[in-house]
>>> print(open('data.cif').read())   # mmCIF, C-alpha atoms and all ligand atoms
data_structure
#
loop_
_atom_site.label_atom_id
_atom_site.label_comp_id
_atom_site.auth_asym_id
_atom_site.auth_seq_id
_atom_site.Cartn_x
_atom_site.Cartn_y
_atom_site.Cartn_z
CA MET A 41 17.23 -0.74 34.27
CA THR A 42 20.81 0.52 34.24
CA CYS A 43 23.27 -0.08 31.42
CA ASP A 44 26.36 1.35 29.77
CA VAL A 45 24.84 2.13 26.39
CA ALA A 46 21.22 2.49 25.29
CA ILE A 47 20.72 2.45 21.54
CA ILE A 48 17.43 3.85 20.29
CA GLY A 49 16.27 2.13 17.10
CA GLY A 50 16.44 -1.49 16.00
CA GLY A 51 17.15 -0.74 12.35
CA ILE A 52 20.33 -1.84 10.63
CA VAL A 53 22.30 1.22 11.81
CA GLY A 54 21.38 0.80 15.49
CA LEU A 55 22.04 -2.95 15.35
CA ALA A 56 25.37 -2.53 13.53
CA THR A 57 26.39 0.00 16.19
CA ALA A 58 25.53 -2.46 18.98
CA TYR A 59 27.40 -5.25 17.17
CA ARG A 60 30.55 -3.14 16.70
CA LEU A 61 30.41 -1.90 20.31
CA GLN A 62 30.37 -5.48 21.58
CA GLU A 63 33.35 -6.30 19.37
CA LEU A 64 35.30 -3.37 20.79
CA ASN A 65 34.28 -4.02 24.40
CA PRO A 66 32.58 -7.38 25.12
CA HIS A 67 31.90 -6.37 28.74
CA LEU A 68 29.57 -3.50 27.90
CA ARG A 69 25.99 -3.80 29.12
CA LEU A 70 23.89 -2.58 26.26
CA VAL A 71 20.27 -2.42 25.28
CA VAL A 72 18.65 -1.69 21.92
CA LEU A 73 15.27 0.01 22.35
CA GLU A 74 12.84 -0.56 19.49
CA LYS A 75 9.31 0.81 19.40
CA GLU A 76 7.91 -1.90 17.12
CA ASP A 77 7.23 -5.53 18.02
CA ARG A 78 10.22 -6.62 15.93
CA ILE A 79 13.39 -5.14 14.51
CA GLY A 80 13.93 -3.83 10.96
CA ARG A 81 10.32 -2.91 10.20
CA HIS A 82 10.98 0.47 8.60
CA GLN A 83 13.72 1.62 6.19
CA THR A 84 15.82 -1.48 6.89
CA GLY A 85 13.06 -3.82 5.76
CA ARG A 86 11.74 -1.69 2.91
CA ASN A 87 14.47 -0.78 0.46
CA SER A 88 16.00 -1.77 -2.89
CA GLY A 89 18.54 -4.12 -1.30
CA VAL A 90 21.41 -2.75 -3.34
CA LEU A 91 24.97 -3.07 -2.11
CA HIS A 92 26.12 0.24 -3.48
CA ALA A 93 29.66 0.43 -4.84
CA GLY A 94 29.99 4.18 -4.13
CA VAL A 95 29.60 5.79 -7.56
CA TYR A 96 27.44 8.78 -6.71
CA TYR A 97 28.88 10.41 -3.61
CA HIS A 98 31.05 13.52 -3.32
CA PRO A 99 34.66 12.33 -3.08
CA GLY A 100 35.85 12.71 0.49
CA SER A 101 32.31 12.81 1.95
CA ALA A 102 31.30 10.52 4.79
CA LYS A 103 29.03 8.68 2.35
CA ALA A 104 31.87 8.08 -0.11
CA LYS A 105 34.23 6.76 2.57
CA LEU A 106 31.78 4.74 4.64
CA CYS A 107 30.05 3.24 1.61
CA ARG A 108 33.30 1.81 0.21
CA ARG A 109 34.42 0.51 3.59
CA GLY A 110 30.96 -0.64 4.61
CA LYS A 111 30.31 -2.60 1.43
CA GLN A 112 33.49 -4.58 1.98
CA GLU A 113 32.58 -5.18 5.62
CA MET A 114 29.02 -6.18 4.66
CA GLU A 115 30.28 -8.74 2.14
CA THR A 116 32.66 -10.20 4.72
CA PHE A 117 29.85 -10.35 7.30
CA CYS A 118 27.51 -12.08 4.84
CA GLU A 119 30.20 -14.57 3.79
CA THR A 120 31.01 -15.43 7.41
CA GLU A 121 27.35 -15.69 8.38
CA GLY A 122 26.16 -17.54 5.28
CA ILE A 123 23.76 -14.77 4.24
CA PRO A 124 23.18 -14.86 0.47
CA PHE A 125 24.29 -11.87 -1.57
CA THR A 126 25.02 -11.52 -5.27
CA ILE A 127 27.50 -9.27 -7.03
CA CYS A 128 25.47 -8.89 -10.19
CA GLY A 129 26.79 -5.55 -11.48
CA LYS A 130 24.86 -2.43 -12.32
CA THR A 131 24.36 -0.53 -15.53
CA ILE A 132 23.57 3.19 -15.48
CA ILE A 133 22.04 4.17 -18.79
CA ALA A 134 22.00 7.45 -20.72
CA VAL A 135 18.81 7.08 -22.71
CA THR A 136 19.29 10.23 -24.80
CA ASP A 137 22.33 12.23 -25.93
CA ASP A 138 21.62 15.03 -23.50
CA GLU A 139 22.12 12.58 -20.60
CA VAL A 140 25.64 11.67 -21.73
CA PRO A 141 27.42 14.58 -19.95
CA GLY A 142 25.71 13.48 -16.71
CA LEU A 143 26.88 9.91 -17.32
CA ASP A 144 30.43 11.09 -17.93
CA ALA A 145 30.35 13.16 -14.75
CA LEU A 146 29.30 10.01 -12.86
CA HIS A 147 32.17 8.12 -14.45
CA GLU A 148 34.64 10.75 -13.20
CA ARG A 149 33.10 10.61 -9.75
CA ALA A 150 33.29 6.81 -9.70
CA LYS A 151 37.01 7.02 -10.54
CA ALA A 152 37.59 9.64 -7.85
CA ASN A 153 35.91 7.31 -5.34
CA GLY A 154 38.04 4.34 -6.39
CA VAL A 155 35.12 2.47 -7.96
CA HIS A 156 35.84 0.44 -11.06
CA ALA A 157 33.32 1.54 -13.72
CA LYS A 158 33.47 1.09 -17.46
CA ARG A 159 31.97 3.44 -20.02
CA ILE A 160 30.25 1.31 -22.69
CA GLY A 161 28.32 1.87 -25.91
CA PRO A 162 24.97 0.44 -27.09
CA GLU A 163 26.52 -2.79 -28.40
CA ARG A 164 28.11 -3.80 -25.14
CA LEU A 165 24.98 -2.61 -23.30
CA SER A 166 22.87 -5.04 -25.32
CA GLU A 167 25.21 -7.89 -24.33
CA ILE A 168 24.95 -7.04 -20.63
CA GLU A 169 21.26 -6.06 -20.55
CA PRO A 170 19.69 -7.24 -23.84
CA TYR A 171 16.33 -5.51 -23.21
CA ALA A 172 17.70 -2.14 -22.10
CA ALA A 173 17.90 0.82 -24.45
CA GLY A 174 20.34 3.70 -24.40
CA VAL A 175 22.95 5.66 -26.31
CA ALA A 176 25.68 5.02 -23.71
CA ALA A 177 26.07 3.42 -20.31
CA LEU A 178 28.31 2.97 -17.32
CA ASN A 179 28.85 -0.56 -16.14
CA VAL A 180 29.75 -1.05 -12.47
CA PRO A 181 30.59 -4.74 -12.02
CA GLU A 182 31.07 -4.63 -8.23
CA THR A 183 27.52 -3.51 -7.31
CA GLY A 184 25.47 -6.24 -5.66
CA VAL A 185 22.26 -7.13 -3.88
CA VAL A 186 21.44 -8.50 -0.45
CA ASN A 187 18.44 -8.68 1.85
CA PHE A 188 19.22 -6.05 4.50
CA GLY A 189 16.34 -7.36 6.63
CA ALA A 190 18.13 -10.72 6.84
CA VAL A 191 21.38 -8.95 7.78
CA ALA A 192 19.59 -7.02 10.54
CA ALA A 193 18.03 -10.22 11.89
CA ARG A 194 21.45 -11.91 12.07
CA LEU A 195 23.02 -8.89 13.76
CA ALA A 196 20.24 -9.03 16.37
CA GLU A 197 20.92 -12.74 17.00
CA ARG A 198 24.64 -12.13 17.50
CA ILE A 199 24.01 -9.15 19.81
CA GLU A 200 21.77 -11.28 22.04
CA GLU A 201 24.20 -14.21 22.02
CA ARG A 202 26.88 -11.85 23.33
CA GLY A 203 24.63 -10.73 26.19
CA GLY A 204 23.08 -7.58 24.70
CA GLU A 205 19.37 -6.97 25.13
CA ILE A 206 16.99 -6.11 22.31
CA ARG A 207 13.89 -4.67 23.87
CA THR A 208 10.98 -4.45 21.45
CA ASP A 209 7.68 -2.61 22.05
CA ALA A 210 9.83 -0.03 23.85
CA GLN A 211 9.10 3.36 22.37
CA VAL A 212 11.33 6.15 23.57
CA LEU A 213 9.07 8.95 24.79
CA GLY A 214 11.48 11.26 26.56
CA GLY A 215 15.00 11.67 27.82
CA THR A 216 17.26 13.67 30.06
CA GLU A 217 20.99 13.98 29.64
CA ARG A 218 22.86 14.42 32.92
CA SER A 219 26.55 14.78 33.62
CA THR A 220 27.20 11.12 34.46
CA MET A 221 24.08 9.28 33.33
CA SER A 222 21.20 9.80 30.95
CA VAL A 223 17.64 8.71 31.61
CA VAL A 224 15.64 7.33 28.71
CA GLU A 225 11.88 7.18 29.28
CA THR A 226 10.27 4.37 27.31
CA SER A 227 6.80 2.85 27.03
CA ARG A 228 8.27 -0.09 29.02
CA GLY A 229 9.82 1.94 31.80
CA ALA A 230 12.91 4.06 32.34
CA VAL A 231 16.42 3.07 31.33
CA GLU A 232 19.52 4.71 32.79
CA ALA A 233 22.49 4.67 30.47
CA ARG A 234 25.98 6.14 30.59
CA VAL A 235 25.74 6.94 26.88
CA VAL A 236 22.72 7.14 24.61
CA VAL A 237 22.84 6.52 20.86
CA ASN A 238 19.99 7.74 18.70
CA CYS A 239 19.54 5.63 15.54
CA ALA A 240 15.80 6.26 15.19
CA GLY A 241 15.77 6.54 11.39
CA LEU A 242 12.66 8.43 10.28
CA TRP A 243 12.30 9.81 13.80
CA ALA A 244 15.93 10.65 14.55
CA ASP A 245 15.42 14.44 14.53
CA ARG A 246 12.41 14.14 16.87
CA VAL A 247 14.23 11.80 19.24
CA ALA A 248 17.17 14.26 19.34
CA THR A 249 14.82 17.04 20.45
CA LEU A 250 13.54 14.80 23.27
CA PHE A 251 17.09 15.00 24.63
CA GLY A 252 17.26 18.79 24.24
CA VAL A 253 19.27 18.74 21.01
CA GLN A 254 18.09 20.99 18.19
CA PRO A 255 19.25 19.23 15.02
CA SER A 256 20.58 21.25 12.08
CA VAL A 257 18.01 19.65 9.75
CA GLN A 258 14.43 18.38 9.81
CA LEU A 259 13.50 15.00 8.36
CA VAL A 260 10.82 14.98 5.69
CA PRO A 261 9.35 11.59 4.72
CA PHE A 262 9.46 10.68 1.02
CA ARG A 263 7.63 7.54 0.01
CA GLY A 264 9.27 5.24 -2.53
CA GLU A 265 6.75 3.08 -4.36
CA TYR A 266 7.75 -0.13 -6.08
CA VAL A 267 6.21 -2.58 -8.52
CA GLU A 268 7.33 -6.14 -9.04
CA LEU A 269 7.76 -7.62 -12.51
CA SER A 270 5.71 -10.71 -13.32
CA GLU A 271 7.66 -13.96 -13.55
CA SER A 272 7.65 -13.90 -17.36
CA ALA A 273 8.94 -10.29 -17.45
CA ARG A 274 11.88 -10.99 -15.12
CA THR A 275 14.02 -11.85 -18.14
CA TYR A 276 14.00 -8.14 -19.06
CA CYS A 277 16.49 -7.40 -16.30
CA ARG A 278 19.63 -9.46 -15.63
CA GLY A 279 21.19 -7.32 -12.92
CA LEU A 280 20.53 -3.72 -11.94
CA ILE A 281 19.37 -1.13 -14.48
CA TYR A 282 19.53 2.53 -13.43
CA PRO A 283 18.89 5.88 -15.12
CA VAL A 284 21.28 8.83 -14.95
CA PRO A 285 20.02 10.63 -11.84
CA ASP A 286 19.10 14.29 -11.66
CA PRO A 287 22.10 15.82 -9.82
CA ALA A 288 19.77 18.28 -8.01
CA PHE A 289 18.30 15.40 -5.96
CA PRO A 290 19.76 12.74 -3.72
CA PHE A 291 17.34 10.12 -5.13
CA LEU A 292 18.67 7.82 -7.84
CA GLY A 293 15.60 7.62 -10.07
CA VAL A 294 13.27 4.70 -10.74
CA HIS A 295 15.42 1.62 -11.42
CA LEU A 296 15.10 -2.14 -11.90
CA THR A 297 16.66 -4.45 -9.36
CA ARG A 298 17.04 -8.22 -9.53
CA GLY A 299 17.06 -9.29 -5.88
CA VAL A 300 18.88 -12.23 -4.31
CA ALA A 301 15.84 -14.48 -4.73
CA GLY A 302 15.59 -13.65 -8.46
CA ARG A 303 12.54 -11.38 -8.17
CA VAL A 304 12.76 -8.12 -10.10
CA GLU A 305 11.46 -4.94 -8.52
CA ALA A 306 11.16 -1.54 -10.13
CA GLY A 307 11.11 1.74 -8.25
CA PRO A 308 11.24 3.65 -6.02
CA SER A 309 9.37 6.83 -6.80
CA ALA A 310 9.98 9.80 -4.50
CA VAL A 311 6.73 11.34 -3.39
CA MET A 312 6.20 13.29 -0.18
CA ALA A 313 4.48 11.11 2.42
CA PHE A 314 1.78 12.53 4.69
CA ALA A 315 3.14 10.69 7.72
CA ARG A 316 6.61 9.59 8.75
CA GLU A 317 5.52 6.01 8.28
CA GLY A 318 3.07 6.80 5.49
CA TYR A 319 3.45 3.74 3.30
CA ASP A 320 0.39 4.60 1.22
CA PHE A 321 -1.62 7.66 0.23
CA GLY A 322 -4.33 6.82 2.76
CA THR A 323 -1.97 7.18 5.72
CA ILE A 324 -2.23 10.78 6.82
CA ARG A 325 -1.14 11.96 10.26
CA PRO A 326 -2.31 15.57 10.53
CA ARG A 327 0.19 16.48 13.26
CA GLU A 328 3.17 15.08 11.36
CA LEU A 329 2.01 16.68 8.13
CA ALA A 330 1.48 20.03 9.85
CA GLU A 331 5.01 19.88 11.25
CA VAL A 332 6.42 19.45 7.74
CA LEU A 333 4.27 22.19 6.24
CA ALA A 334 5.19 24.59 9.05
CA TYR A 335 8.91 24.03 8.46
CA ARG A 336 10.56 26.95 6.67
CA GLY A 337 13.05 24.61 4.97
CA PHE A 338 10.28 22.49 3.50
CA ARG A 339 8.35 25.52 2.21
CA ARG A 340 11.48 26.79 0.46
CA LEU A 341 12.13 23.34 -0.99
CA ALA A 342 8.54 23.08 -2.24
CA ARG A 343 8.68 26.53 -3.89
CA LYS A 344 11.81 25.50 -5.78
CA TYR A 345 10.82 22.00 -6.84
CA TRP A 346 7.02 21.98 -7.00
CA ARG A 347 7.07 20.84 -10.65
CA THR A 348 9.23 17.81 -9.85
CA GLY A 349 7.01 17.09 -6.85
CA LEU A 350 3.87 17.12 -8.98
CA ALA A 351 5.47 14.86 -11.60
CA GLU A 352 6.37 12.37 -8.86
CA MET A 353 2.79 12.51 -7.52
CA ARG A 354 1.43 11.85 -10.98
CA ARG A 355 3.66 8.80 -11.23
CA SER A 356 2.40 7.68 -7.87
CA PHE A 357 -1.29 7.94 -8.90
CA SER A 358 -0.91 6.71 -12.44
CA LYS A 359 0.50 3.27 -13.12
CA ARG A 360 0.85 4.30 -16.77
CA SER A 361 3.15 7.15 -15.84
CA PHE A 362 5.23 4.75 -13.70
CA LEU A 363 5.38 2.35 -16.64
CA GLN A 364 6.55 5.14 -18.94
CA ALA A 365 9.48 5.88 -16.63
CA LEU A 366 10.44 2.20 -16.78
CA GLN A 367 9.93 1.94 -20.53
CA ARG A 368 12.59 4.63 -21.03
CA LEU A 369 15.06 2.05 -19.71
CA VAL A 370 13.38 -1.18 -20.90
CA PRO A 371 11.00 -0.43 -23.79
CA ALA A 372 9.53 -3.96 -23.94
CA LEU A 373 7.83 -3.65 -20.55
CA GLN A 374 4.03 -3.60 -20.63
CA MET A 375 1.34 -2.81 -18.07
CA ASP A 376 0.54 -6.52 -17.63
CA ASP A 377 4.11 -7.09 -16.46
CA LEU A 378 3.68 -4.94 -13.34
CA ARG A 379 2.46 -6.21 -9.97
CA PRO A 380 2.01 -4.13 -6.80
CA SER A 381 4.80 -4.35 -4.25
CA PRO A 382 5.28 -2.85 -0.77
CA SER A 383 6.62 0.70 -0.59
CA GLY A 384 9.26 2.27 1.66
CA VAL A 385 9.63 5.71 3.19
CA ARG A 386 12.95 7.55 3.18
CA ALA A 387 13.93 10.05 5.83
CA GLN A 388 15.15 13.02 3.80
CA ALA A 389 16.98 15.69 5.74
CA VAL A 390 16.09 19.25 4.71
CA ARG A 391 18.07 22.30 5.91
CA PRO A 392 16.28 25.50 7.01
CA ASP A 393 17.38 27.15 3.73
CA GLY A 394 15.44 24.52 1.77
CA SER A 395 18.47 22.59 0.51
CA LEU A 396 18.57 18.81 0.77
CA ALA A 397 21.27 17.48 3.07
CA ASP A 398 23.03 14.76 1.18
CA ASP A 399 25.71 13.44 3.49
CA PHE A 400 25.36 11.41 6.67
CA ILE A 401 24.87 13.69 9.70
CA ILE A 402 25.95 12.67 13.20
CA GLU A 403 25.61 15.16 16.06
CA THR A 404 27.13 14.61 19.48
CA THR A 405 26.81 15.88 23.04
CA PRO A 406 28.93 14.83 26.06
CA ARG A 407 26.74 11.75 26.74
CA ALA A 408 24.93 11.09 23.46
CA VAL A 409 25.51 10.37 19.79
CA HIS A 410 22.64 11.26 17.46
CA VAL A 411 22.67 9.71 13.97
CA ILE A 412 20.39 12.32 12.45
CA ASN A 413 20.72 11.54 8.76
CA ALA A 414 21.43 8.03 7.54
CA PRO A 415 19.86 7.79 4.08
CA SER A 416 20.95 5.48 1.26
CA PRO A 417 23.60 4.01 1.13
CA ALA A 418 23.42 3.70 4.93
CA ALA A 419 22.27 0.08 4.75
CA THR A 420 25.30 -0.82 2.61
CA ALA A 421 27.52 1.28 4.88
CA SER A 422 25.88 0.22 8.17
CA LEU A 423 28.76 -1.84 9.57
CA ALA A 424 31.21 1.00 8.86
CA ILE A 425 28.81 3.60 10.29
CA GLY A 426 28.39 1.32 13.32
CA ARG A 427 32.17 1.14 13.79
CA HIS A 428 32.45 4.94 13.57
CA VAL A 429 29.56 5.53 16.00
CA ALA A 430 30.94 2.89 18.38
CA GLY A 431 34.21 4.86 18.46
CA LEU A 432 32.31 8.03 19.40
CA VAL A 433 30.49 6.12 22.17
CA LEU A 434 33.70 4.73 23.67
CA GLU A 435 35.19 8.26 23.75
CA ARG A 436 32.19 9.21 25.93
CA LEU A 437 32.44 6.29 28.34
CA PRO A 438 34.73 7.12 31.24
CA THR A 439 36.96 4.11 31.99
C1 LIG A 501 12.80 3.12 -0.60
C2 LIG A 501 14.20 2.99 -0.07
C3 LIG A 501 15.20 2.40 -0.83
C4 LIG A 501 16.50 2.29 -0.33
N1 LIG A 501 17.44 1.58 -1.02
C5 LIG A 501 18.66 1.36 -0.47
C6 LIG A 501 19.61 0.52 -1.11
O1 LIG A 501 19.33 -0.07 -2.13
N2 LIG A 501 20.83 0.38 -0.54
C7 LIG A 501 21.18 1.01 0.63
O2 LIG A 501 22.30 0.85 1.10
N3 LIG A 501 20.28 1.78 1.28
C8 LIG A 501 19.03 1.94 0.76
N4 LIG A 501 18.10 2.69 1.42
C9 LIG A 501 18.48 3.35 2.67
C10 LIG A 501 18.49 2.39 3.85
O3 LIG A 501 17.37 1.55 3.84
C11 LIG A 501 18.53 3.22 5.12
O4 LIG A 501 19.56 4.17 4.99
C12 LIG A 501 18.79 2.38 6.36
O5 LIG A 501 17.91 1.29 6.42
C13 LIG A 501 18.67 3.23 7.59
O6 LIG A 501 18.68 2.40 8.69
P1 LIG A 501 18.31 2.94 10.10
O7 LIG A 501 18.60 1.88 11.09
O8 LIG A 501 18.96 4.28 10.29
O9 LIG A 501 16.75 3.29 10.03
P2 LIG A 501 15.46 2.36 10.17
O10 LIG A 501 15.61 1.08 9.48
O11 LIG A 501 14.30 3.19 9.82
O12 LIG A 501 15.44 2.03 11.72
C14 LIG A 501 15.10 2.98 12.72
C15 LIG A 501 14.38 2.23 13.82
O13 LIG A 501 14.15 3.12 14.89
C16 LIG A 501 12.89 2.80 15.45
N5 LIG A 501 12.40 3.97 16.20
C17 LIG A 501 12.04 5.16 15.69
N6 LIG A 501 11.64 5.99 16.68
C18 LIG A 501 11.76 5.29 17.84
C19 LIG A 501 11.48 5.60 19.21
N7 LIG A 501 10.99 6.79 19.59
N8 LIG A 501 11.71 4.65 20.13
C20 LIG A 501 12.21 3.42 19.77
N9 LIG A 501 12.47 3.08 18.50
C21 LIG A 501 12.25 3.99 17.55
C22 LIG A 501 12.03 2.45 14.25
O14 LIG A 501 10.90 1.69 14.59
C23 LIG A 501 13.03 1.71 13.37
O15 LIG A 501 12.98 0.31 13.58
C24 LIG A 501 16.80 2.81 0.95
C25 LIG A 501 15.78 3.39 1.73
C26 LIG A 501 14.48 3.44 1.25
C27 LIG A 501 13.41 3.97 2.14
#
>>> encode(input="data.cif", output="structure tokens", more="lines below")
Ligand SMILES: Cc1cc2nc3c(=O)[nH]c(=O)nc-3n(C[C@H](O)[C@H](O)[C@H](O)COP(=O)(O)OP(=O)(O)OC[C@H]3O[C@@H](n4cnc5c(N)ncnc54)[C@H](O)[C@@H]3O)c2cc1C
Amino acid sequence: MTCDVAIIGGGIVGLATAYRLQELNPHLRLVVLEKEDRIGRHQTGRNSGVLHAGVYYHPGSAKAKLCRRGKQEMETFCETEGIPFTICGKTIIAVTDDEVPGLDALHERAKANGVHAKRIGPERLSEIEPYAAGVAALNVPETGVVNFGAVAARLAERIEERGGEIRTDAQVLGGTERSTMSVVETSRGAVEARVVVNCAGLWADRVATLFGVQPSVQLVPFRGEYVELSESARTYCRGLIYPVPDPAFPFLGVHLTRGVAGRVEAGPSAVMAFAREGYDFGTIRPRELAEVLAYRGFRRLARKYWRTGLAEMRRSFSKRSFLQALQRLVPALQMDDLRPSPSGVRAQAVRPDGSLADDFIIETTPRAVHVINAPSPAATASLAIGRHVAGLVLERLPT
């Protein structure tokens, strides 16, 4: 098969890139190569579903810019396509006095990012979230929820309607970049493409190496476990209830999320997974685990944060510990209120010096664009990331 652009990965970032490319040039022949039997099976289909407003990110970073732009574009897309989303607002809660400086720092950051956020006290908090407890809070009215899996499915439909191909069961196994054309070896045969885009999510660093690119980071899988609240306990959460996150980590802490269908989920934890798609403790892939353990960056990270890692593992093994984290935010919650719910795995980029890469990372070569790091809020930002990546692709396509 020969095409103009081959996009590796049928997650929301790969699909948004294909969608934006077709908008910019409807005549492009493009194919999305997805290793699974359907699109959106990994991070895209297993997340909190939050349309992030852009509170947390370093002002001026790619995350800060693309999240703001992408959220707007996502809302417009959902409105046009009739995909339900709710702007339910989010409340970030300082449970104790020592968390207040962190809350204030978030408030400043929200302002710097152009996000409307209001600092509130316990009285107003109890009006917004009657079951939540805290000494102070930040209310972000513009945060919302959507089902990113539904968005991905609609993007796929539109791509096919416009003549693009979505090839499932097509795992990319190898690749060669040449001066005028790249060859992508897949489990369903070879594809020749003028430009290759790597949006392989949890595998993006590995896929880059298949094309001879040595990425600046390695991806380490971190599982995020969720529980669902029973129907009777759903009243404990009206919108989104978040803790003040630890600024040392890119994860936002265990939170409660009322989804578009009214179900309330709590999570995710952040525990190292023993396989890139290790959705439970039993999934161990020795080769993938060995790769992580052999990585200098991971060993440095583990030496620095082993205590936090152990605490997260405890929470993962002990439902009581998970409950305690939730009770800090909503004291009325009880063990009987929690039901198991599917987990997700985040691709966390770690630098060789052991630091966690926070921002989106895109690396380019003359004939390829590699989206190496697209963690949260990449689902919110996907249409803006897709527009940016599409621009990089068009620069690489000789007219
Ligand atoms: C627990 C959790 C909670 C999150 N919460 C939020 C949130 O509330 N809001 C938000 O905006 N973001 C959130 N995120 C982040 C968001 O889900 C991701 O940033 C986003 O889905 C990334 O999309 P993607 O397309 O890059 O990756 P993915 O969805 O993982 O897609 C990559 C695709 O590439 C395919 N692939 C991999 N290797 C190959 C290969 N060799 N050949 C062919 N195909 C391949 C995979 O099968 C997969 O379908 C969360 C993530 C997690 C895990």
>>> residues_around(input="data.cif", residues="A:Met221", least_positions_apart="5", cutoff="8 Å", atoms="only C-alpha atoms", output="ChimeraX atom specification")
/A:232-235,407
>>> residues_around(input="data.cif", residues="A:Gly279", least_positions_apart="2", cutoff="6 Å", atoms="all atoms listed in the file", output="number ranges by chain")
A: 128, 277, 298
>>> residues_near_ligand(input="data.cif", ligand="ligand LIG 501 (chain A)", cutoff="7 Å", atoms="only C-alpha atoms and all ligand atoms", output="VMD selection string")
chain A and resid 48 to 54 73 to 76 79 to 92 210 to 213 239 to 244 247 263 to 264 308 383 to 386 414 to 421
>>> closest_residue(input="data.cif", among="A:Thr297, A:Ser227, A:Ser256, A:Thr220", to="A:Arg207", atoms="only C-alpha atoms")
A:Ser227
>>> axis_aligned_box(input="data.cif", around="stretch 392-400 of chain A", padding_each_side="4 Å", output="JSON")
{"center_x": 20.6, "center_y": 19.3, "center_z": 3.8, "size_x": 18.3, "size_y": 23.7, "size_z": 14.5}
>>> closest_residue(input="data.cif", among="A:Val237, A:Ala196, A:Ala310, A:Ala145", to="A:Glu265", atoms="only C-alpha atoms")
A:Ala310
>>> atom_distance(input="data.cif", atom1="atom CA of A:Ser381", atom2="atom CA of A:Val267")
4.8 Å
>>> residues_around(input="data.cif", residues="A:Val155", least_positions_apart="2", cutoff="12 Å", atoms="only C-alpha atoms", output="number ranges by chain")
A: 92-97, 99, 104-105, 107-109, 111, 146-153, 157-158, 178-183
>>> write_last_selection(input="data.cif", atoms="C-alpha atoms", output="PDB file, keeping the file's coordinate frame")
ATOM      1  CA  HIS A  92      26.120   0.240  -3.480  1.00  0.00           C
ATOM      2  CA  ALA A  93      29.660   0.430  -4.840  1.00  0.00           C
ATOM      3  CA  GLY A  94      29.990   4.180  -4.130  1.00  0.00           C
ATOM      4  CA  VAL A  95      29.600   5.790  -7.560  1.00  0.00           C
ATOM      5  CA  TYR A  96      27.440   8.780  -6.710  1.00  0.00           C
ATOM      6  CA  TYR A  97      28.880  10.410  -3.610  1.00  0.00           C
ATOM      7  CA  PRO A  99      34.660  12.330  -3.080  1.00  0.00           C
ATOM      8  CA  ALA A 104      31.870   8.080  -0.110  1.00  0.00           C
ATOM      9  CA  LYS A 105      34.230   6.760   2.570  1.00  0.00           C
ATOM     10  CA  CYS A 107      30.050   3.240   1.610  1.00  0.00           C
ATOM     11  CA  ARG A 108      33.300   1.810   0.210  1.00  0.00           C
ATOM     12  CA  ARG A 109      34.420   0.510   3.590  1.00  0.00           C
ATOM     13  CA  LYS A 111      30.310  -2.600   1.430  1.00  0.00           C
ATOM     14  CA  LEU A 146      29.300  10.010 -12.860  1.00  0.00           C
ATOM     15  CA  HIS A 147      32.170   8.120 -14.450  1.00  0.00           C
ATOM     16  CA  GLU A 148      34.640  10.750 -13.200  1.00  0.00           C
ATOM     17  CA  ARG A 149      33.100  10.610  -9.750  1.00  0.00           C
ATOM     18  CA  ALA A 150      33.290   6.810  -9.700  1.00  0.00           C
ATOM     19  CA  LYS A 151      37.010   7.020 -10.540  1.00  0.00           C
ATOM     20  CA  ALA A 152      37.590   9.640  -7.850  1.00  0.00           C
ATOM     21  CA  ASN A 153      35.910   7.310  -5.340  1.00  0.00           C
ATOM     22  CA  ALA A 157      33.320   1.540 -13.720  1.00  0.00           C
ATOM     23  CA  LYS A 158      33.470   1.090 -17.460  1.00  0.00           C
ATOM     24  CA  LEU A 178      28.310   2.970 -17.320  1.00  0.00           C
ATOM     25  CA  ASN A 179      28.850  -0.560 -16.140  1.00  0.00           C
ATOM     26  CA  VAL A 180      29.750  -1.050 -12.470  1.00  0.00           C
ATOM     27  CA  PRO A 181      30.590  -4.740 -12.020  1.00  0.00           C
ATOM     28  CA  GLU A 182      31.070  -4.630  -8.230  1.00  0.00           C
ATOM     29  CA  THR A 183      27.520  -3.510  -7.310  1.00  0.00           C
TER      30      THR A 183
END
>>> closest_residue(input="data.cif", among="A:Ile402, A:Ala56, A:Met353, A:Val311", to="A:Gly110", atoms="all atoms listed in the file")
A:Ala56
>>> residues_around(input="data.cif", residues="A:Asp398", least_positions_apart="3", cutoff="12 Å", atoms="only C-alpha atoms", output="list in words")
Tyr96, Tyr97, His98, Ser101, Ala102, Lys103, Ala104, Val257, Leu259, Pro287, Ala288, Phe289, Pro290, Phe291, Ala387, Gln388, Ala389, Val390, Arg391, Ser395, Ile401, Ile412, Asn413, Ala414, Pro415, Ser416, Pro417 and Ala418 of chain A
>>> atom_distance(input="data.cif", atom1="atom CA of A:Arg427", atom2="atom CA of A:Phe262")
27.7 Å
>>> atom_distance(input="data.cif", atom1="atom CA of A:Gly203", atom2="atom CA of A:Ala408")
22.0 Å
>>> closest_residue(input="data.cif", among="A:Asp138, A:Glu205, A:Glu268, A:Glu169", to="A:Leu55", atoms="only C-alpha atoms")
A:Glu205
>>> residues_around(input="data.cif", residues="stretch 365-374 of chain A", least_positions_apart="2", cutoff="8 Å", atoms="all atoms listed in the file", output="JSON, numbers by chain")
{"A": [133, 135, 171, 172, 173, 174, 273, 276, 281, 282, 283, 294, 295, 306, 361, 362, 363, 376, 377, 378]}
